file target_11.cif (mmCIF, C-alpha atoms)
data_protein
loop_
_atom_site.label_atom_id
_atom_site.label_comp_id
_atom_site.auth_asym_id
_atom_site.auth_seq_id
_atom_site.Cartn_x
_atom_site.Cartn_y
_atom_site.Cartn_z
CA MET A 21 -28.16 13.07 -2.92
CA LYS A 22 -28.24 10.25 -5.42
CA ILE A 23 -27.47 11.30 -8.95
CA ASP A 24 -29.34 9.49 -11.66
CA THR A 25 -26.71 8.42 -14.17
CA SER A 26 -28.98 6.24 -16.27
CA TYR A 27 -29.59 8.98 -18.80
CA PHE A 28 -27.32 8.72 -21.82
CA ALA A 29 -25.57 5.87 -20.12
CA GLY A 30 -24.22 4.65 -23.43
CA GLU A 31 -22.55 7.97 -24.07
CA ARG A 32 -20.75 8.24 -20.76
CA ASP A 33 -17.11 7.41 -20.75
CA GLY A 34 -16.79 7.43 -17.00
CA GLY A 35 -14.61 10.52 -17.03
CA HIS A 36 -17.31 12.97 -16.07
CA THR A 37 -16.61 13.67 -12.45
CA VAL A 38 -17.46 17.33 -12.03
CA VAL A 39 -20.86 16.99 -10.43
CA GLY A 40 -20.53 16.62 -6.71
CA THR A 41 -17.00 17.95 -6.56
CA THR A 42 -15.46 21.39 -6.05
CA VAL A 43 -13.83 22.65 -9.20
CA PRO A 44 -11.52 25.64 -8.82
CA ARG A 45 -12.12 28.53 -11.15
CA LEU A 46 -9.54 28.56 -13.87
CA ASP A 47 -9.02 32.30 -13.62
CA ALA A 48 -8.93 32.56 -9.83
CA LEU A 49 -5.19 31.98 -9.49
CA GLY A 50 -4.52 34.89 -11.80
CA HIS A 51 -6.92 37.06 -9.86
CA VAL A 52 -5.37 36.41 -6.44
CA THR A 53 -1.82 36.85 -7.68
CA GLY A 54 -2.49 39.89 -9.83
CA ARG A 55 -1.45 38.19 -13.04
CA THR A 56 -4.80 38.39 -14.76
CA GLN A 57 -4.53 40.87 -17.58
CA PHE A 58 -7.40 43.28 -17.68
CA PHE A 59 -8.11 45.76 -20.42
CA GLU A 60 -5.56 48.25 -19.19
CA ASP A 61 -2.80 45.82 -18.35
CA THR A 62 -1.75 44.90 -21.85
CA PRO A 63 1.76 46.18 -22.52
CA THR A 64 2.05 48.29 -25.63
CA THR A 65 4.82 50.17 -27.35
CA GLY A 66 4.38 53.56 -28.88
CA LEU A 67 1.20 54.20 -26.94
CA LEU A 68 -0.54 57.53 -27.48
CA HIS A 69 -2.96 59.07 -25.04
CA LEU A 70 -6.18 60.55 -26.29
CA LYS A 71 -8.02 63.27 -24.49
CA MET A 72 -11.38 64.71 -25.33
CA HIS A 73 -11.87 68.44 -25.35
CA ARG A 74 -15.31 69.35 -24.12
CA SER A 75 -17.04 72.61 -24.73
CA GLU A 76 -17.32 74.87 -21.75
CA ARG A 77 -20.61 76.24 -22.94
CA HIS A 78 -23.83 74.28 -23.08
CA HIS A 79 -25.92 74.58 -26.22
CA ALA A 80 -23.34 76.82 -27.88
CA THR A 81 -23.39 77.20 -31.64
CA SER A 82 -20.06 76.57 -33.27
CA SER A 83 -19.12 79.08 -35.89
CA THR A 84 -15.47 78.34 -36.59
CA SER A 85 -13.08 75.47 -36.32
CA ASP A 86 -9.43 76.23 -35.79
CA THR A 87 -7.23 73.42 -34.60
CA SER A 88 -4.01 74.68 -36.13
CA GLY A 89 -2.55 75.91 -32.86
CA ARG A 90 -3.42 72.71 -31.15
CA ALA A 91 -1.88 70.52 -33.80
CA SER A 92 1.50 72.17 -33.43
CA GLY A 93 1.49 71.93 -29.65
CA PRO A 94 4.19 69.99 -27.82
CA GLY A 95 3.55 66.30 -27.84
CA VAL A 96 0.43 66.55 -29.97
CA VAL A 97 0.42 63.97 -32.72
CA LYS A 98 -3.05 64.44 -34.15
CA VAL A 99 -6.17 66.47 -33.57
CA LEU A 100 -9.47 64.87 -34.41
CA THR A 101 -12.71 66.64 -35.13
CA HIS A 102 -16.09 65.54 -36.44
CA ALA A 103 -14.60 65.58 -39.92
CA ASP A 104 -12.54 62.54 -38.98
CA VAL A 105 -15.52 60.46 -37.90
CA PRO A 106 -16.73 58.40 -40.88
CA ASN A 107 -20.30 58.16 -39.65
CA ASN A 108 -20.66 60.96 -37.17
CA TRP A 109 -23.76 59.64 -35.53
CA TYR A 110 -24.21 58.53 -32.00
CA THR A 111 -25.77 55.19 -32.83
CA ILE A 112 -26.75 53.85 -29.44
CA LEU A 113 -30.41 54.81 -29.69
CA LYS A 114 -30.75 52.97 -32.95
CA LEU A 115 -28.91 49.92 -31.64
CA ILE A 116 -31.26 49.51 -28.73
CA ASN A 117 -34.19 50.35 -30.95
CA VAL A 118 -35.59 53.21 -28.96
CA GLY A 119 -35.11 56.19 -31.20
CA TYR A 120 -33.46 57.93 -34.07
CA ASP A 121 -29.86 58.91 -34.36
CA ASP A 122 -30.31 62.51 -33.39
CA GLU A 123 -26.91 63.68 -32.24
CA PRO A 124 -23.38 63.53 -33.53
CA VAL A 125 -20.48 61.73 -31.93
CA LEU A 126 -18.33 64.83 -32.12
CA ALA A 127 -20.06 68.18 -32.31
CA GLU A 128 -20.48 69.70 -35.73
CA ASP A 129 -22.66 72.75 -35.52
CA SER A 130 -23.83 73.02 -31.96
CA VAL A 131 -22.94 71.69 -28.58
CA LEU A 132 -25.43 69.16 -27.35
CA TYR A 133 -24.60 69.15 -23.72
CA ARG A 134 -27.66 68.14 -21.81
CA ALA A 135 -30.30 68.59 -24.44
CA SER A 136 -30.91 70.75 -27.43
CA ARG A 137 -34.44 71.73 -28.44
CA SER A 138 -33.46 73.85 -31.36
CA SER A 139 -31.27 71.57 -33.38
CA PRO A 140 -32.95 71.92 -36.79
CA SER A 141 -32.84 75.70 -36.77
CA SER A 142 -29.20 75.67 -35.77
CA ARG A 143 -28.21 73.98 -39.01
CA PRO A 144 -27.58 76.12 -42.08
CA ALA A 145 -30.36 75.77 -44.60
CA SER A 146 -27.86 74.81 -47.28
CA ALA A 147 -26.40 71.95 -45.30
CA PRO A 148 -27.22 68.54 -46.74
CA PRO A 149 -29.48 66.33 -44.73
CA ARG A 150 -27.72 64.18 -42.22
CA GLY A 151 -29.34 61.05 -43.59
CA ARG A 152 -27.48 61.09 -46.85
CA ARG A 153 -25.96 57.69 -46.26
CA ARG A 154 -29.16 55.88 -45.84
CA GLY A 155 -29.37 53.12 -48.36
CA GLN A 156 -25.76 53.46 -49.36
CA GLY A 157 -25.49 49.84 -48.41
CA HIS A 158 -21.80 49.15 -48.64
CA LEU A 159 -21.81 47.53 -45.25
CA ARG A 160 -22.51 43.87 -45.15
CA GLY A 161 -24.34 41.78 -42.63
CA PRO A 162 -26.16 43.16 -39.60
CA ALA A 163 -24.66 46.62 -40.00
CA GLY A 164 -26.29 47.08 -43.35
CA ARG A 165 -29.59 45.75 -42.13
CA LEU A 166 -29.52 48.00 -39.13
CA ARG A 167 -28.82 50.98 -41.27
CA ARG A 168 -31.55 50.23 -43.70
CA ARG A 169 -34.09 49.44 -41.05
CA GLY A 170 -33.31 52.14 -38.51
CA GLY A 171 -31.89 54.56 -40.97
CA ALA A 172 -29.92 57.66 -40.28
CA ARG A 173 -32.43 60.48 -40.42
CA PRO A 174 -32.23 64.21 -40.55
CA ARG A 175 -31.82 65.64 -37.16
CA ARG A 176 -35.07 66.52 -35.55
CA ALA A 177 -36.17 68.41 -32.55
CA VAL A 178 -35.87 66.53 -29.32
CA SER A 179 -39.02 66.41 -27.27
CA SER A 180 -38.91 67.74 -23.79
CA ARG A 181 -39.60 64.29 -22.49
CA THR A 182 -36.70 62.85 -24.37
CA ALA A 183 -34.56 65.74 -23.31
CA ARG A 184 -35.17 65.02 -19.69
CA THR A 185 -34.66 61.34 -19.90
CA THR A 186 -31.48 61.54 -21.90
CA SER A 187 -29.86 64.47 -20.22
CA SER A 188 -27.16 62.51 -18.49
CA THR A 189 -26.28 60.63 -21.65
CA ARG A 190 -25.89 63.81 -23.62
CA ALA A 191 -23.70 65.29 -20.99
CA THR A 192 -21.22 62.52 -21.47
CA THR A 193 -21.33 62.00 -25.18
CA ALA A 194 -21.55 65.32 -26.93
CA GLY A 195 -17.97 66.26 -27.47
CA GLY A 196 -16.01 68.73 -29.48
CA SER A 197 -12.64 67.49 -30.57
CA ALA A 198 -10.09 65.01 -29.41
CA SER A 199 -6.32 65.09 -29.30
CA ALA A 200 -3.90 62.21 -29.37
CA THR A 201 -0.79 63.11 -27.46
CA SER A 202 2.42 61.36 -26.64
CA SER A 203 2.24 62.31 -22.99
CA ARG A 204 -0.45 62.59 -20.38
CA ALA A 205 -0.14 66.35 -20.26
CA SER A 206 -3.46 68.09 -20.43
CA PRO A 207 -4.01 69.56 -23.89
CA ARG A 208 -4.70 73.21 -24.41
CA PRO A 209 -8.27 73.98 -25.36
CA THR A 210 -9.30 73.73 -28.96
CA THR A 211 -12.20 75.49 -30.54
CA SER A 212 -15.25 73.51 -31.32
CA SER A 213 -16.18 72.37 -34.76
CA SER A 214 -17.92 74.04 -37.64
CA GLY A 215 -21.13 73.14 -39.37
CA ALA A 216 -20.56 75.38 -42.34
CA THR A 217 -19.92 72.39 -44.56
CA SER A 218 -20.74 68.77 -44.22
CA ARG A 219 -18.24 66.30 -42.89
CA ALA A 220 -17.78 64.68 -46.26
CA ASP A 221 -17.33 68.02 -48.00
CA ARG A 222 -14.76 69.11 -45.52
CA ALA A 223 -12.89 65.85 -45.80
CA ARG A 224 -12.72 66.16 -49.56
CA ALA A 225 -11.68 69.78 -49.37
CA ASP A 226 -8.91 68.88 -46.97
CA GLY A 227 -7.89 65.91 -49.06
CA ASP A 228 -8.14 63.96 -45.88
CA ASP A 229 -10.70 61.26 -46.29
CA ARG A 230 -8.03 58.58 -46.05
CA LEU A 231 -9.25 57.54 -42.66
CA HIS A 232 -12.34 56.22 -44.25
CA ARG A 233 -10.57 54.44 -47.08
CA ARG A 234 -7.38 53.28 -45.45
CA ALA A 235 -8.50 51.58 -42.33
CA PRO A 236 -9.89 49.35 -41.17
CA ALA A 237 -10.22 47.81 -44.60
CA ARG A 238 -6.69 46.44 -44.55
CA ARG A 239 -6.28 45.69 -40.88
CA ARG A 240 -8.15 44.36 -37.96
CA LEU A 241 -8.52 46.71 -35.07
CA LYS A 242 -8.17 45.20 -31.63
CA ILE A 243 -10.03 47.06 -28.91
CA HIS A 244 -9.14 46.45 -25.29
CA SER A 245 -12.11 47.66 -23.33
CA ASP A 246 -13.76 47.33 -19.96
CA THR A 247 -17.11 47.24 -21.65
CA GLN A 248 -19.59 44.77 -20.28
CA ALA A 249 -21.18 44.38 -23.66
CA CYS A 250 -18.50 43.43 -26.14
CA PHE A 251 -20.85 42.84 -29.03
CA PHE A 252 -22.73 46.03 -28.38
CA THR A 253 -19.44 47.91 -28.34
CA LEU A 254 -18.42 46.19 -31.53
CA ASP A 255 -21.71 47.08 -33.23
CA ASN A 256 -21.55 50.66 -32.08
CA THR A 257 -17.93 51.06 -33.16
CA ALA A 258 -18.47 49.40 -36.51
CA LEU A 259 -21.38 51.68 -37.33
CA ILE A 260 -19.51 54.83 -36.42
CA LEU A 261 -16.40 53.70 -38.26
CA GLU A 262 -18.44 52.41 -41.18
CA ALA A 263 -16.39 49.28 -40.93
CA PRO A 264 -17.40 45.66 -41.41
CA PHE A 265 -17.81 43.96 -38.09
CA GLY A 266 -15.19 41.40 -38.99
CA LYS A 267 -12.53 44.08 -39.03
CA LEU A 268 -12.96 44.76 -35.33
CA GLN A 269 -12.11 42.67 -32.33
CA VAL A 270 -13.18 43.65 -28.84
CA VAL A 271 -11.12 42.18 -26.05
CA GLY A 272 -12.70 42.60 -22.67
CA GLY A 273 -15.64 41.36 -20.77
CA THR A 274 -13.69 40.27 -17.74
CA VAL A 275 -14.56 43.31 -15.67
CA GLY A 276 -17.80 42.96 -13.86
CA GLY A 277 -20.52 45.06 -12.40
CA GLY A 278 -20.03 48.77 -12.10
CA PHE A 279 -16.33 48.51 -12.92
CA GLY A 280 -17.24 47.85 -16.50
CA GLY A 281 -17.80 50.83 -18.75
CA LYS A 282 -21.48 51.45 -19.27
CA VAL A 283 -21.95 55.06 -20.09
CA ASP A 284 -19.37 56.69 -22.29
CA VAL A 285 -19.90 54.63 -25.41
CA ILE A 286 -17.94 56.88 -27.74
CA VAL A 287 -14.65 55.90 -26.10
CA GLU A 288 -13.96 52.91 -28.31
CA PRO A 289 -14.93 54.47 -31.65
CA ILE A 290 -12.91 57.62 -31.05
CA ALA A 291 -9.90 55.64 -29.85
CA CYS A 292 -10.15 53.51 -32.98
CA ILE A 293 -10.25 56.55 -35.22
CA ALA A 294 -7.22 57.99 -33.46
CA ALA A 295 -5.36 54.69 -33.82
CA MET A 296 -6.18 54.58 -37.51
CA ALA A 297 -5.12 58.18 -37.99
CA THR A 298 -1.81 57.76 -36.22
CA ASN A 299 -1.06 54.12 -36.88
CA ARG A 300 -0.25 53.79 -33.20
CA PRO A 301 -1.99 52.20 -30.24
CA VAL A 302 -4.14 54.79 -28.53
CA LYS A 303 -5.51 54.92 -25.04
CA TYR A 304 -8.44 57.14 -24.15
CA VAL A 305 -7.67 58.86 -20.87
CA TYR A 306 -9.58 61.07 -18.54
CA ASP A 307 -7.81 63.80 -16.64
CA ARG A 308 -8.41 64.03 -12.94
CA ALA A 309 -10.92 66.83 -13.12
CA ARG A 310 -13.05 64.95 -15.60
CA ARG A 311 -12.78 61.75 -13.61
CA CYS A 312 -14.16 63.54 -10.61
CA ARG A 313 -16.94 65.20 -12.57
CA SER A 314 -18.11 62.14 -14.46
CA PRO A 315 -16.12 59.10 -13.43
CA PRO A 316 -16.28 56.31 -15.99
CA ARG A 317 -16.15 53.52 -13.42
CA ALA A 318 -17.81 54.94 -10.37
CA ARG A 319 -21.25 56.12 -9.53
CA PRO A 320 -22.21 59.28 -7.71
CA SER A 321 -21.52 58.80 -4.06
CA GLY A 322 -21.24 60.78 -0.89
CA SER A 323 -18.88 60.39 1.97
CA THR A 324 -18.68 61.65 5.49
CA SER A 325 -15.37 62.35 7.13
CA ARG A 326 -14.40 63.40 10.59
CA THR A 327 -11.19 65.03 11.63
CA ALA A 328 -9.75 64.45 15.05
CA VAL B 18 13.44 46.09 -3.80
CA GLU B 19 14.37 49.76 -3.89
CA ARG B 20 13.30 51.64 -6.97
CA GLU B 21 14.17 55.16 -8.00
CA PHE B 22 12.30 56.89 -10.78
CA LEU B 23 11.23 60.29 -12.01
CA VAL B 24 7.60 61.27 -12.41
CA PRO B 25 5.78 64.46 -13.37
CA PRO B 26 4.49 66.55 -10.46
CA GLY B 27 1.15 65.41 -9.19
CA THR B 28 1.57 61.82 -10.23
CA THR B 29 -0.31 59.51 -7.95
CA LEU B 30 1.20 56.44 -6.36
CA LEU B 31 -1.21 54.36 -8.43
CA ASN B 32 -0.03 55.78 -11.72
CA ALA B 33 3.58 55.48 -10.67
CA LEU B 34 3.10 51.83 -9.80
CA ARG B 35 1.31 51.00 -13.01
CA ASP B 36 2.88 53.30 -15.56
CA GLN B 37 6.40 53.81 -14.21
CA LEU B 38 7.06 50.46 -12.58
CA GLY B 39 4.78 48.19 -14.58
CA LEU B 40 3.14 46.78 -11.46
CA THR B 41 -0.34 46.31 -12.87
CA ALA B 42 -1.82 44.12 -10.15
CA THR B 43 -2.99 47.34 -8.51
CA LYS B 44 -6.02 48.32 -10.52
CA ARG B 45 -7.11 51.70 -11.74
CA GLY B 46 -10.80 51.94 -10.93
CA CYS B 47 -12.54 55.18 -10.08
CA GLU B 48 -9.37 57.17 -9.37
CA GLN B 49 -11.19 59.19 -6.78
CA GLY B 50 -10.97 57.01 -3.72
CA THR B 51 -14.37 55.42 -3.78
CA CYS B 52 -13.82 51.93 -5.13
CA GLY B 53 -10.70 50.72 -3.30
CA THR B 54 -9.40 48.52 -6.07
CA CYS B 55 -6.12 50.43 -6.00
CA THR B 56 -5.49 49.63 -2.33
CA CYS B 57 -1.89 48.87 -1.43
CA LEU B 58 0.15 48.97 1.75
CA LEU B 59 2.16 52.04 2.60
CA ASP B 60 4.43 51.26 5.53
CA GLY B 61 1.95 48.55 6.45
CA GLU B 62 -1.15 50.70 6.30
CA ALA B 63 -3.78 50.19 3.64
CA VAL B 64 -4.10 53.27 1.45
CA MET B 65 -5.90 54.05 -1.74
CA SER B 66 -2.99 54.67 -4.02
CA CYS B 67 -5.04 56.84 -6.38
CA LEU B 68 -5.22 59.48 -3.66
CA VAL B 69 -1.56 59.45 -2.64
CA PRO B 70 0.84 61.81 -4.42
CA VAL B 71 3.87 59.71 -5.10
CA GLU B 72 6.28 62.41 -3.97
CA THR B 73 4.93 61.99 -0.44
CA VAL B 74 6.02 58.37 -0.19
CA GLN B 75 9.74 58.80 -0.74
CA GLY B 76 11.58 56.31 1.42
CA ALA B 77 8.41 54.49 2.42
CA ALA B 78 7.75 50.78 1.98
CA VAL B 79 5.07 50.11 -0.59
CA LYS B 80 3.60 46.65 -0.91
CA THR B 81 1.33 45.59 -3.72
CA LEU B 82 -0.30 42.30 -4.59
CA GLU B 83 2.78 41.30 -6.56
CA GLY B 84 4.67 41.16 -3.27
CA VAL B 85 2.20 39.09 -1.31
CA ALA B 86 3.06 35.63 -2.59
CA GLY B 87 6.27 34.02 -1.44
CA PRO B 88 9.49 34.21 -3.47
CA ASP B 89 8.87 30.66 -4.62
CA GLY B 90 5.39 31.57 -5.79
CA SER B 91 3.65 29.96 -2.86
CA LEU B 92 0.42 31.67 -2.05
CA ASP B 93 -0.12 33.68 1.08
CA PRO B 94 -2.92 32.36 3.32
CA VAL B 95 -5.14 35.25 2.27
CA GLN B 96 -4.62 34.46 -1.39
CA GLN B 97 -5.20 30.77 -0.77
CA ALA B 98 -8.37 31.48 1.16
CA PHE B 99 -9.70 33.67 -1.62
CA LEU B 100 -8.87 30.92 -4.08
CA ASP B 101 -10.44 28.13 -2.07
CA GLY B 102 -13.44 30.17 -0.98
CA PHE B 103 -14.41 31.33 -4.46
CA ALA B 104 -14.04 34.90 -3.29
CA THR B 105 -13.30 36.17 -6.77
CA GLN B 106 -15.44 36.55 -9.81
CA CYS B 107 -14.28 39.07 -12.35
CA GLY B 108 -11.23 39.72 -10.18
CA PHE B 109 -11.00 43.45 -10.65
CA CYS B 110 -11.52 44.20 -6.95
CA THR B 111 -9.49 41.25 -5.72
CA ALA B 112 -6.16 43.04 -5.46
CA GLY B 113 -7.64 45.75 -3.28
CA MET B 114 -9.55 43.28 -1.16
CA ILE B 115 -6.49 41.15 -0.50
CA MET B 116 -4.36 44.14 0.39
CA ALA B 117 -7.01 45.45 2.77
CA ALA B 118 -7.15 42.00 4.33
CA GLU B 119 -3.37 41.88 4.63
CA ALA B 120 -3.37 45.18 6.51
CA LEU B 121 -6.12 43.97 8.80
CA LEU B 122 -4.50 40.67 9.66
CA ALA B 123 -1.14 42.30 10.24
CA ARG B 124 -2.55 44.44 13.03
CA ASN B 125 -5.27 42.08 14.19
CA PRO B 126 -4.53 38.38 13.63
CA ASP B 127 -7.84 37.32 15.07
CA PRO B 128 -10.46 39.68 13.70
CA SER B 129 -14.15 39.43 14.27
CA ARG B 130 -16.60 39.45 11.43
CA GLU B 131 -17.33 43.09 12.18
CA ASP B 132 -13.62 43.88 12.04
CA VAL B 133 -13.41 42.32 8.60
CA ILE B 134 -16.42 44.19 7.33
CA ARG B 135 -14.97 47.43 8.62
CA ALA B 136 -11.61 46.68 7.04
CA ILE B 137 -13.05 46.21 3.57
CA SER B 138 -15.69 48.89 3.87
CA GLY B 139 -13.74 51.08 1.46
CA ASN B 140 -13.53 48.38 -1.15
CA VAL B 141 -16.25 47.79 -3.69
CA CYS B 142 -17.03 44.44 -5.26
CA ARG B 143 -19.50 44.62 -8.12
CA CYS B 144 -19.85 40.89 -8.75
CA THR B 145 -19.88 38.41 -5.94
CA GLY B 146 -21.38 40.26 -3.08
CA TYR B 147 -19.26 40.41 0.02
CA GLU B 148 -20.12 37.26 1.88
CA SER B 149 -17.55 35.05 0.23
CA ILE B 150 -14.89 37.70 0.67
CA VAL B 151 -15.62 38.15 4.36
CA ALA B 152 -15.61 34.38 4.80
CA ALA B 153 -12.30 34.08 2.98
CA ILE B 154 -10.62 36.68 5.19
CA LEU B 155 -11.89 34.98 8.32
CA ASP B 156 -10.66 31.69 6.88
CA ALA B 157 -7.25 33.23 6.22
CA ALA B 158 -7.05 34.45 9.79
CA ALA B 159 -7.77 30.94 11.00
CA ARG B 160 -5.08 29.49 8.73
CA ARG B 161 -2.37 31.84 9.90
#

call {"tool": "encode", "arguments": {"input": "target_11.cif", "output": "structure tokens"}}
result
Amino acid sequence: MKIDTSYFAGERDGGHTVVGTTVPRLDALGHVTGRTQFFEDTPTTGLLHLKMHRSERHHATSSTSDTSGRASGPGVVKVLTHADVPNNWYTILKLINVGYDDEPVLAEDSVLYRASRSSPSSRPASAPPRGRRRGQGHLRGPAGRLRRRGGARPRRAVSSRTARTTSSTRATTAGGSASATSSRASPRPTTSSSGATSRADRARADGDDRLHRRAPARRRLKIHSDTQACFFTLDNTALILEAPFGKLQVVGGTVGGGFGGKVDVIVEPIACIAAMATNRPVKYVYDRARRCRSPPRARPSGSTSRTA
Amino acid sequence: VEREFLVPPGTTLLNALRDQLGLTATKRGCEQGTCGTCTCLLDGEAVMSCLVPVETVQGAAVKTLEGVAGPDGSLDPVQQAFLDGFATQCGFCTAGMIMAAEALLARNPDPSREDVIRAISGNVCRCTGYESIVAAILDAAARR
């Protein structure tokens, strides 16, 4: 094939020789020798492991929150609940512009496994509306615009249609509490959270709203993730952390196809909150049972085996 | 190289390799034996290291991708074929694919296309499709 080189002839320096030749991929040598560093291959010191405690009861209403026993457990550095999440809204629906924020990142008053059709009635009448931050406007750039346009709204009933179509998402995102531990030992169960007071009220009462103020205002958080959508992950994390986008850096994007995380989008925000709370690098881990129930990097599959 | 280390009960070979020995070429994918990216050689046989309790491999020879290239860094024919044949994209499955190919070529230096497909049938690639990988393994067999 003859290549027409008359275009922009005056701008060619004669050094453009790629077309018509085989150019090795720059990253291929690392791939075939195992030297490419993926999200989980970065060496860290002082790494903590974070595990999510999931409720064993679907649709349960939380009445008390007692993490004291958990916090004093061996190897436990920090226990996180909804009170530690600056903006305890699961923001994915707003980000993709298909619905309201209608469920928390970590459970506050009820467990939203699968779907809840009675959310409004499960909240105490005295509880402030969940949309209290709308218009607060301290975020700059796209985060602020998103908030103003989409708006965090009071929780509303979920239609049966929505409930069906989002059932799998709810099953993986509605959590209870999370523990950062210094070993991979499975944590003992913690009770779920309470909706008796709002997150902000509880934080003030505990004198523990420093998460919100301390970080990431002073530091930049680096997130190593297998996400296939770095900017989406950054947006989602920034909204939940109520942090300017510029304070976050997502490192990833080299893992393709189904190996990349697509489903459990609260991993990065919760890991960030744990890192901020402990001032240590934190890795979100799944225990084996959870991996088999809802594997983060595999899809449901069947297998047939035969024994001799 | 002989290595001796202590691990908690129930630790898998994969986690021992990565977390105890720092050999991160073996990737942690599904951790339930469906993706094959953790494939390594156990006494010459390809195994999914996420399914192997490490206490069962005492005294066995374990080979990972780190041990495939020569001591001088020269690439093995399988690695070279993957490189030349553009058989990688994101690279996350590559370690498992190469180890599965190593096991195949060790027991069958002249495999058919069907043999290759069968050998990598437990390994998932989410990017390239499998054609370039199959071609690279056949190419490696021809180079050896």

call {"tool": "closest_residue", "arguments": {"input": "target_11.cif", "among": "A:Val118, A:Val39, A:Ala258, A:Val52", "to": "B:Pro94", "atoms": "only C-alpha atoms"}}
result
A:Val52

call {"tool": "closest_atom_pairs", "arguments": {"input": "target_11.cif", "of": "stretch 94-119 of chain B", "to": "stretch 28-44 of chain B", "cutoff": "9 Å", "atoms": "only C-alpha atoms", "output": "Markdown table"}}
result
| residue | atom | partner | partner_atom | distance |
| --- | --- | --- | --- | --- |
| B:Phe109 | CA | B:Lys44 | CA | 7.0 |
| B:Cys110 | CA | B:Lys44 | CA | 7.7 |
| B:Ala112 | CA | B:Thr43 | CA | 6.2 |
| B:Gly113 | CA | B:Thr43 | CA | 7.2 |

call {"tool": "write_last_selection", "arguments": {"input": "target_11.cif", "atoms": "C-alpha atoms", "output": "PDB file, in the frame of the given file"}}
result
ATOM      1  CA  PHE B 109     -11.000  43.450 -10.650  1.00  0.00           C
ATOM      2  CA  CYS B 110     -11.520  44.200  -6.950  1.00  0.00           C
ATOM      3  CA  ALA B 112      -6.160  43.040  -5.460  1.00  0.00           C
ATOM      4  CA  GLY B 113      -7.640  45.750  -3.280  1.00  0.00           C
TER       5      GLY B 113
END

call {"tool": "atom_distance", "arguments": {"input": "target_11.cif", "atom1": "atom CA of B:Lys80", "atom2": "atom CA of A:Leu68"}}
result
29.0 Å

call {"tool": "closest_residue", "arguments": {"input": "target_11.cif", "among": "B:Met65, B:Cys47, B:Ala152, B:Ala157", "to": "B:Ala98", "atoms": "all atoms listed in the file"}}
result
B:Ala157

call {"tool": "resolve_selection", "arguments": {"input": "target_11.cif", "expression": "the PyMOL selection byres ((chain B) within 7 of (chain A))", "output": "count of residues only"}}
result
17

call {"tool": "resolve_selection", "arguments": {"input": "target_11.cif", "expression": "the PyMOL selection byres ((chain A and resi 250) around 9)", "output": "list in words"}}
result
Ser245, Asp246, Thr247, Gln248, Ala249, Phe251, Phe252, Thr253, Leu254, Asp255, Gln269, Val270, Val271, Gly272 and Gly273 of chain A
